[in-house]
Amino acid sequence: AGQDLSNAKDKAKADIDKRAEETKKAIDAMPNLTDKEREEAKANVDKAAEASKAEIDKVTDPAFKDSVDIKKDSADKALDQVENDATNNDLSNMKEAAKSDIDSRADAAKDAIDQMEDLTPAQKADAKADIDKKAEEAKGNVDNITDASKKDEIGSHKDSVTDEIKKKQEESSATNAVNAKDNVKKAEEAVKKAENVIGEIKISSTDETAIKTEVKSELNKSGIDNADVKVNDLNKTPAKLHEKGKITGTVEIKVGSTTKTVEVNQELPELSTFV
């Protein structure tokens, strides 16, 4: 009976060692664990296995031989728990990585949309809001996955929202292209309006602020309200006796991605001998 107990104990401990090695291999195969999490999980495997074997060693009475199997079952449950904890950590890390990736892809798309100069502010805001909505929905779907056996669905949610984000970016790019054609026409019209303003503005008030204000006002009246106006290199050469002066420079008009330049070149009347 004593030998039977000894054999039972040896077999049970060998089975526990085998199961512990299998559990550690399973933990090593979990790709999303950090090095620290992996080492801690395997240390918990060793701890659970050693504790269970110590309990088995305490059985010395052949009359309690059946308790060896009970303690081995307890060891299996303890190792199951360690592996389940590691699996949950692996799933959690996988989910966090997926959500971070979704955020990165959404941010990249929104940055690209911000660079589309021919979109209106409202069009940009709407497109970016739609991307945010799609990203949040996808991250919510990822968070709802709590069963490790369904972890492949994480990739599916990520791929699906990536396609949706790409589609929205492409739609914005197409709208940008259409707007760009319209803005070319607006810029050409703006040049004509600016030339008229520059030709009519009073010489006494011809400075950068005055030119910009007058040109911008005229463009707004004409419905060209998305133009940026910039006055560059304005230079005044004073008039002299029997010599006309000049005001020169350029007015830069930007409508979306289209930039046009209008020359400023006005003569100042020469001074008379009576001045």
# chains A, B, ... in the order shown; residues from 1 in each chain; ligands from 1
call {"tool": "residues_around", "arguments": {"residues": "range 230-245 of chain A", "least_positions_apart": "5", "cutoff": "6 Å", "atoms": "only C-alpha atoms", "output": "PyMOL selection string"}}
result
chain A and resi 208+250-252+267-271
call {"tool": "residues_around", "arguments": {"residues": "Ile165 in chain A", "least_positions_apart": "2", "cutoff": "9 Å", "atoms": "only C-alpha atoms", "output": "list in words"}}
result
Arg105, Ala106, Ala109, Asp130, Ile131, Lys134, Ala135, Ser160, Val161, Thr162, Asp163, Lys167, Lys168, Gln169 and Glu170 of chain A
call {"tool": "write_last_selection", "arguments": {"atoms": "all heavy atoms", "output": "compact mmCIF listing (two decimals), in the first residue's frame"}}
result
# COMPACT_ATOMS: atom_id res chain seq x y z
N ARG A 105 -4.94 55.84 -37.33
CA ARG A 105 -5.43 55.91 -38.70
C ARG A 105 -6.45 57.04 -38.87
O ARG A 105 -6.47 57.73 -39.89
CB ARG A 105 -6.04 54.57 -39.10
CG ARG A 105 -5.01 53.45 -39.13
CD ARG A 105 -5.57 52.12 -39.55
NE ARG A 105 -4.59 51.06 -39.34
CZ ARG A 105 -4.53 49.93 -40.03
NH1 ARG A 105 -5.39 49.74 -41.00
NH2 ARG A 105 -3.62 49.01 -39.77
N ALA A 106 -7.28 57.23 -37.85
CA ALA A 106 -8.26 58.32 -37.90
C ALA A 106 -7.55 59.67 -37.88
O ALA A 106 -7.91 60.58 -38.64
CB ALA A 106 -9.23 58.20 -36.71
N ALA A 109 -5.95 60.43 -41.24
CA ALA A 109 -6.96 60.84 -42.24
C ALA A 109 -7.43 62.27 -41.99
O ALA A 109 -7.58 63.06 -42.94
CB ALA A 109 -8.14 59.88 -42.20
N ASP A 130 -17.31 62.75 -38.96
CA ASP A 130 -17.75 61.43 -39.42
C ASP A 130 -16.67 60.38 -39.14
O ASP A 130 -16.97 59.25 -38.72
CB ASP A 130 -18.06 61.47 -40.92
CG ASP A 130 -18.78 60.22 -41.40
OD1 ASP A 130 -19.60 59.69 -40.63
OD2 ASP A 130 -18.52 59.77 -42.53
N ILE A 131 -15.43 60.76 -39.35
CA ILE A 131 -14.31 59.84 -39.07
C ILE A 131 -14.25 59.53 -37.57
O ILE A 131 -14.07 58.38 -37.16
CB ILE A 131 -12.98 60.44 -39.56
CG1 ILE A 131 -12.92 60.38 -41.09
CG2 ILE A 131 -11.78 59.71 -38.96
CD1 ILE A 131 -11.74 61.08 -41.70
N LYS A 134 -17.03 57.07 -36.68
CA LYS A 134 -16.74 55.70 -37.13
C LYS A 134 -15.66 55.07 -36.24
O LYS A 134 -15.74 53.88 -35.89
CB LYS A 134 -16.28 55.71 -38.59
CG LYS A 134 -17.35 56.13 -39.58
CD LYS A 134 -16.82 56.13 -41.00
CE LYS A 134 -17.82 56.72 -41.98
NZ LYS A 134 -19.09 56.00 -42.01
N ALA A 135 -14.65 55.84 -35.87
CA ALA A 135 -13.56 55.33 -35.04
C ALA A 135 -14.08 54.94 -33.65
O ALA A 135 -13.72 53.89 -33.11
CB ALA A 135 -12.44 56.36 -34.93
N SER A 160 -12.34 46.88 -40.95
CA SER A 160 -13.58 47.46 -41.46
C SER A 160 -13.57 48.98 -41.32
O SER A 160 -13.89 49.71 -42.27
CB SER A 160 -14.77 46.86 -40.71
OG SER A 160 -15.97 47.45 -41.15
N VAL A 161 -13.19 49.46 -40.13
CA VAL A 161 -13.20 50.91 -39.92
C VAL A 161 -12.08 51.57 -40.72
O VAL A 161 -12.22 52.73 -41.16
CB VAL A 161 -13.09 51.27 -38.43
CG1 VAL A 161 -11.68 51.07 -37.89
CG2 VAL A 161 -13.54 52.71 -38.19
N THR A 162 -10.98 50.86 -40.93
CA THR A 162 -9.90 51.41 -41.76
C THR A 162 -10.41 51.67 -43.17
O THR A 162 -10.11 52.72 -43.78
CB THR A 162 -8.71 50.45 -41.81
OG1 THR A 162 -8.16 50.31 -40.49
CG2 THR A 162 -7.62 50.96 -42.75
N ASP A 163 -11.20 50.73 -43.70
CA ASP A 163 -11.78 50.91 -45.04
C ASP A 163 -12.74 52.09 -45.06
O ASP A 163 -12.78 52.87 -46.02
CB ASP A 163 -12.51 49.63 -45.47
CG ASP A 163 -11.55 48.49 -45.77
OD1 ASP A 163 -10.36 48.76 -46.01
OD2 ASP A 163 -12.00 47.32 -45.76
N LYS A 167 -12.38 55.51 -47.19
CA LYS A 167 -13.43 55.94 -48.11
C LYS A 167 -13.81 57.40 -47.85
O LYS A 167 -13.98 58.18 -48.79
CB LYS A 167 -14.66 55.04 -47.94
CG LYS A 167 -15.80 55.38 -48.89
CD LYS A 167 -16.97 54.43 -48.68
CE LYS A 167 -18.12 54.80 -49.62
NZ LYS A 167 -19.30 53.90 -49.42
N LYS A 168 -13.93 57.77 -46.59
CA LYS A 168 -14.28 59.16 -46.26
C LYS A 168 -13.18 60.12 -46.71
O LYS A 168 -13.46 61.21 -47.23
CB LYS A 168 -14.51 59.29 -44.75
CG LYS A 168 -14.78 60.72 -44.27
CD LYS A 168 -15.91 61.39 -45.02
CE LYS A 168 -17.24 60.73 -44.79
NZ LYS A 168 -18.36 61.50 -45.43
N GLN A 169 -11.92 59.71 -46.54
CA GLN A 169 -10.81 60.55 -46.99
C GLN A 169 -10.84 60.71 -48.51
O GLN A 169 -10.60 61.81 -49.03
CB GLN A 169 -9.47 59.94 -46.55
CG GLN A 169 -8.26 60.79 -46.90
CD GLN A 169 -6.97 60.18 -46.37
OE1 GLN A 169 -6.97 59.38 -45.44
NE2 GLN A 169 -5.86 60.57 -46.96
N GLU A 170 -11.14 59.63 -49.22
CA GLU A 170 -11.22 59.69 -50.68
C GLU A 170 -12.38 60.57 -51.13
O GLU A 170 -12.26 61.32 -52.12
CB GLU A 170 -11.36 58.27 -51.25
CG GLU A 170 -10.09 57.43 -51.11
CD GLU A 170 -10.30 55.98 -51.51
OE1 GLU A 170 -11.49 55.57 -51.63
OE2 GLU A 170 -9.31 55.26 -51.68
call {"tool": "select_by_dssp", "arguments": {"residues": "range 122-229 of chain A", "states": "alpha helix (DSSP H)", "output": "NGL selection string"}}
result
:A and (122-143 or 152-200 or 208-221)
call {"tool": "write_last_selection", "arguments": {"atoms": "C-alpha atoms", "output": "CSV table (one decimal), in the first residue's frame"}}
result
chain,number,residue,atom,x,y,z
A,122,ALA,CA,-17.8,73.2,-42.8
A,123,GLN,CA,-16.8,70.4,-45.2
A,124,LYS,CA,-13.6,69.7,-43.2
A,125,ALA,CA,-15.5,69.7,-39.9
A,126,ASP,CA,-18.2,67.3,-41.2
A,127,ALA,CA,-15.7,64.9,-42.7
A,128,LYS,CA,-13.6,64.8,-39.5
A,129,ALA,CA,-16.6,64.4,-37.3
A,130,ASP,CA,-17.7,61.4,-39.4
A,131,ILE,CA,-14.3,59.8,-39.1
A,132,ASP,CA,-14.4,60.4,-35.3
A,133,LYS,CA,-17.8,58.7,-35.1
A,134,LYS,CA,-16.7,55.7,-37.1
A,135,ALA,CA,-13.6,55.3,-35.0
A,136,GLU,CA,-15.5,55.5,-31.7
A,137,GLU,CA,-18.0,52.9,-32.9
A,138,ALA,CA,-15.2,50.6,-34.0
A,139,LYS,CA,-13.4,51.0,-30.7
A,140,GLY,CA,-16.6,50.3,-28.8
A,141,ASN,CA,-17.0,47.1,-30.8
A,142,VAL,CA,-13.5,46.1,-29.9
A,143,ASP,CA,-14.1,46.8,-26.2
A,152,ASP,CA,-10.0,37.4,-34.5
A,153,GLU,CA,-13.0,39.8,-34.6
A,154,ILE,CA,-10.8,42.5,-33.3
A,155,GLY,CA,-8.9,42.5,-36.5
A,156,SER,CA,-12.1,42.5,-38.5
A,157,HIS,CA,-13.4,45.6,-36.7
A,158,LYS,CA,-10.1,47.3,-37.2
A,159,ASP,CA,-9.9,46.5,-40.9
A,160,SER,CA,-13.6,47.5,-41.5
A,161,VAL,CA,-13.2,50.9,-39.9
A,162,THR,CA,-9.9,51.4,-41.8
A,163,ASP,CA,-11.8,50.9,-45.0
A,164,GLU,CA,-14.5,53.3,-43.9
A,165,ILE,CA,-12.0,56.0,-42.9
A,166,LYS,CA,-10.1,55.6,-46.2
A,167,LYS,CA,-13.4,55.9,-48.1
A,168,LYS,CA,-14.3,59.2,-46.3
A,169,GLN,CA,-10.8,60.6,-47.0
A,170,GLU,CA,-11.2,59.7,-50.7
A,171,GLU,CA,-14.6,61.3,-50.7
A,172,SER,CA,-13.2,64.5,-49.2
A,173,SER,CA,-10.4,64.4,-51.8
A,174,ALA,CA,-12.9,64.2,-54.6
A,175,THR,CA,-14.8,67.2,-53.1
A,176,ASN,CA,-11.6,69.1,-52.8
A,177,ALA,CA,-10.8,68.5,-56.5
A,178,VAL,CA,-14.3,69.8,-57.5
A,179,ASN,CA,-13.9,72.9,-55.2
A,180,ALA,CA,-10.4,73.5,-56.6
A,181,LYS,CA,-11.8,74.0,-60.1
A,182,ASP,CA,-14.4,76.5,-58.8
A,183,ASN,CA,-11.7,78.3,-56.8
A,184,VAL,CA,-9.6,78.8,-59.9
A,185,LYS,CA,-12.5,80.6,-61.5
A,186,LYS,CA,-13.1,82.6,-58.3
A,187,ALA,CA,-9.4,83.6,-58.2
A,188,GLU,CA,-9.4,84.8,-61.8
A,189,GLU,CA,-12.5,86.9,-61.1
A,190,ALA,CA,-10.9,88.1,-57.9
A,191,VAL,CA,-7.9,89.4,-59.9
A,192,LYS,CA,-10.1,91.5,-62.1
A,193,LYS,CA,-11.9,93.0,-59.0
A,194,ALA,CA,-8.6,93.7,-57.3
A,195,GLU,CA,-7.2,95.4,-60.3
A,196,ASN,CA,-10.2,97.7,-60.4
A,197,VAL,CA,-9.8,98.5,-56.7
A,198,ILE,CA,-6.1,99.2,-57.0
A,199,GLY,CA,-6.7,101.5,-59.9
A,200,GLU,CA,-9.3,103.5,-58.1
A,208,GLU,CA,-0.9,97.9,-47.1
A,209,THR,CA,-3.9,98.1,-44.7
A,210,ALA,CA,-5.9,100.3,-47.0
A,211,ILE,CA,-5.3,98.1,-50.1
A,212,LYS,CA,-6.1,94.9,-48.3
A,213,THR,CA,-9.2,96.3,-46.7
A,214,GLU,CA,-10.5,97.7,-50.0
A,215,VAL,CA,-9.8,94.6,-52.0
A,216,LYS,CA,-11.2,92.2,-49.4
A,217,SER,CA,-14.4,94.3,-49.2
A,218,GLU,CA,-14.9,94.3,-53.0
A,219,LEU,CA,-14.4,90.5,-53.1
A,220,ASN,CA,-16.9,89.9,-50.4
A,221,LYS,CA,-19.4,92.0,-52.3
call {"tool": "residues_around", "arguments": {"residues": "range 69-78 of chain A", "least_positions_apart": "5", "cutoff": "7 Å", "atoms": "only C-alpha atoms", "output": "list in words"}}
result
Ala12, Ile16, Ala48, Ala49, Ser52 and Ile56 of chain A
call {"tool": "residues_around", "arguments": {"residues": "Asp85 in chain A", "least_positions_apart": "5", "cutoff": "12 Å", "atoms": "only C-alpha atoms", "output": "VMD selection string"}}
result
chain A and resid 23 27 30 33 37 to 38 40 to 42 44 to 45 78 to 80 90 to 92 148
call {"tool": "write_last_selection", "arguments": {"atoms": "N, CA and C atoms", "output": "PDB file, in the first residue's frame"}}
result
ATOM      1  N   THR A  23       1.566  24.748 -19.988  1.00  0.00           N
ATOM      2  CA  THR A  23       0.967  26.065 -19.708  1.00  0.00           C
ATOM      3  C   THR A  23       1.957  27.181 -20.031  1.00  0.00           C
ATOM      4  N   ILE A  27       1.664  30.241 -22.727  1.00  0.00           N
ATOM      5  CA  ILE A  27       1.893  31.649 -22.367  1.00  0.00           C
ATOM      6  C   ILE A  27       2.929  32.274 -23.295  1.00  0.00           C
ATOM      7  N   MET A  30       1.560  33.567 -26.531  1.00  0.00           N
ATOM      8  CA  MET A  30       0.632  34.704 -26.534  1.00  0.00           C
ATOM      9  C   MET A  30       1.381  35.951 -27.000  1.00  0.00           C
ATOM     10  N   LEU A  33       1.376  39.748 -24.930  1.00  0.00           N
ATOM     11  CA  LEU A  33       1.838  39.969 -23.560  1.00  0.00           C
ATOM     12  C   LEU A  33       3.132  40.772 -23.563  1.00  0.00           C
ATOM     13  N   GLU A  37       4.721  40.801 -18.175  1.00  0.00           N
ATOM     14  CA  GLU A  37       3.528  39.981 -17.973  1.00  0.00           C
ATOM     15  C   GLU A  37       3.813  38.512 -18.236  1.00  0.00           C
ATOM     16  N   ARG A  38       4.610  38.245 -19.266  1.00  0.00           N
ATOM     17  CA  ARG A  38       4.943  36.862 -19.614  1.00  0.00           C
ATOM     18  C   ARG A  38       5.737  36.188 -18.498  1.00  0.00           C
ATOM     19  N   GLU A  40       5.923  37.089 -15.335  1.00  0.00           N
ATOM     20  CA  GLU A  40       5.100  36.970 -14.129  1.00  0.00           C
ATOM     21  C   GLU A  40       4.138  35.789 -14.243  1.00  0.00           C
ATOM     22  N   ALA A  41       3.547  35.600 -15.426  1.00  0.00           N
ATOM     23  CA  ALA A  41       2.613  34.489 -15.621  1.00  0.00           C
ATOM     24  C   ALA A  41       3.323  33.149 -15.469  1.00  0.00           C
ATOM     25  N   LYS A  42       4.504  33.041 -16.064  1.00  0.00           N
ATOM     26  CA  LYS A  42       5.240  31.771 -15.951  1.00  0.00           C
ATOM     27  C   LYS A  42       5.724  31.529 -14.525  1.00  0.00           C
ATOM     28  N   ASN A  44       4.036  32.440 -11.941  1.00  0.00           N
ATOM     29  CA  ASN A  44       2.833  31.980 -11.249  1.00  0.00           C
ATOM     30  C   ASN A  44       2.539  30.511 -11.551  1.00  0.00           C
ATOM     31  N   VAL A  45       2.903  30.085 -12.757  1.00  0.00           N
ATOM     32  CA  VAL A  45       2.760  28.661 -13.102  1.00  0.00           C
ATOM     33  C   VAL A  45       3.648  27.824 -12.183  1.00  0.00           C
ATOM     34  N   ALA A  78      -5.678  25.343 -10.680  1.00  0.00           N
ATOM     35  CA  ALA A  78      -4.813  26.497 -10.405  1.00  0.00           C
ATOM     36  C   ALA A  78      -4.046  26.901 -11.662  1.00  0.00           C
ATOM     37  N   LEU A  79      -3.564  25.901 -12.407  1.00  0.00           N
ATOM     38  CA  LEU A  79      -2.832  26.192 -13.648  1.00  0.00           C
ATOM     39  C   LEU A  79      -3.785  26.743 -14.715  1.00  0.00           C
ATOM     40  N   ASP A  80      -5.009  26.233 -14.737  1.00  0.00           N
ATOM     41  CA  ASP A  80      -6.021  26.773 -15.659  1.00  0.00           C
ATOM     42  C   ASP A  80      -6.241  28.259 -15.390  1.00  0.00           C
ATOM     43  N   ASP A  90      -3.505  39.025 -22.509  1.00  0.00           N
ATOM     44  CA  ASP A  90      -3.146  39.019 -23.925  1.00  0.00           C
ATOM     45  C   ASP A  90      -4.261  39.655 -24.750  1.00  0.00           C
ATOM     46  N   LEU A  91      -5.513  39.289 -24.440  1.00  0.00           N
ATOM     47  CA  LEU A  91      -6.664  39.850 -25.148  1.00  0.00           C
ATOM     48  C   LEU A  91      -6.773  41.346 -24.889  1.00  0.00           C
ATOM     49  N   SER A  92      -6.581  41.731 -23.632  1.00  0.00           N
ATOM     50  CA  SER A  92      -6.672  43.152 -23.275  1.00  0.00           C
ATOM     51  C   SER A  92      -5.629  43.968 -24.031  1.00  0.00           C
ATOM     52  N   ALA A 148     -11.819  35.428 -25.413  1.00  0.00           N
ATOM     53  CA  ALA A 148     -10.562  35.307 -26.164  1.00  0.00           C
ATOM     54  C   ALA A 148     -10.724  34.469 -27.427  1.00  0.00           C
TER      55      ALA A 148
END
call {"tool": "closest_residue", "arguments": {"among": "A:Ala86, A:Ala26, A:Ala63, A:Ile201", "to": "Ile247 in chain A", "atoms": "only C-alpha atoms"}}
result
A:Ile201
call {"tool": "atom_distance", "arguments": {"atom1": "CA of Phe64 in chain A", "atom2": "CA of Arg19 in chain A"}}
result
23.6 Å
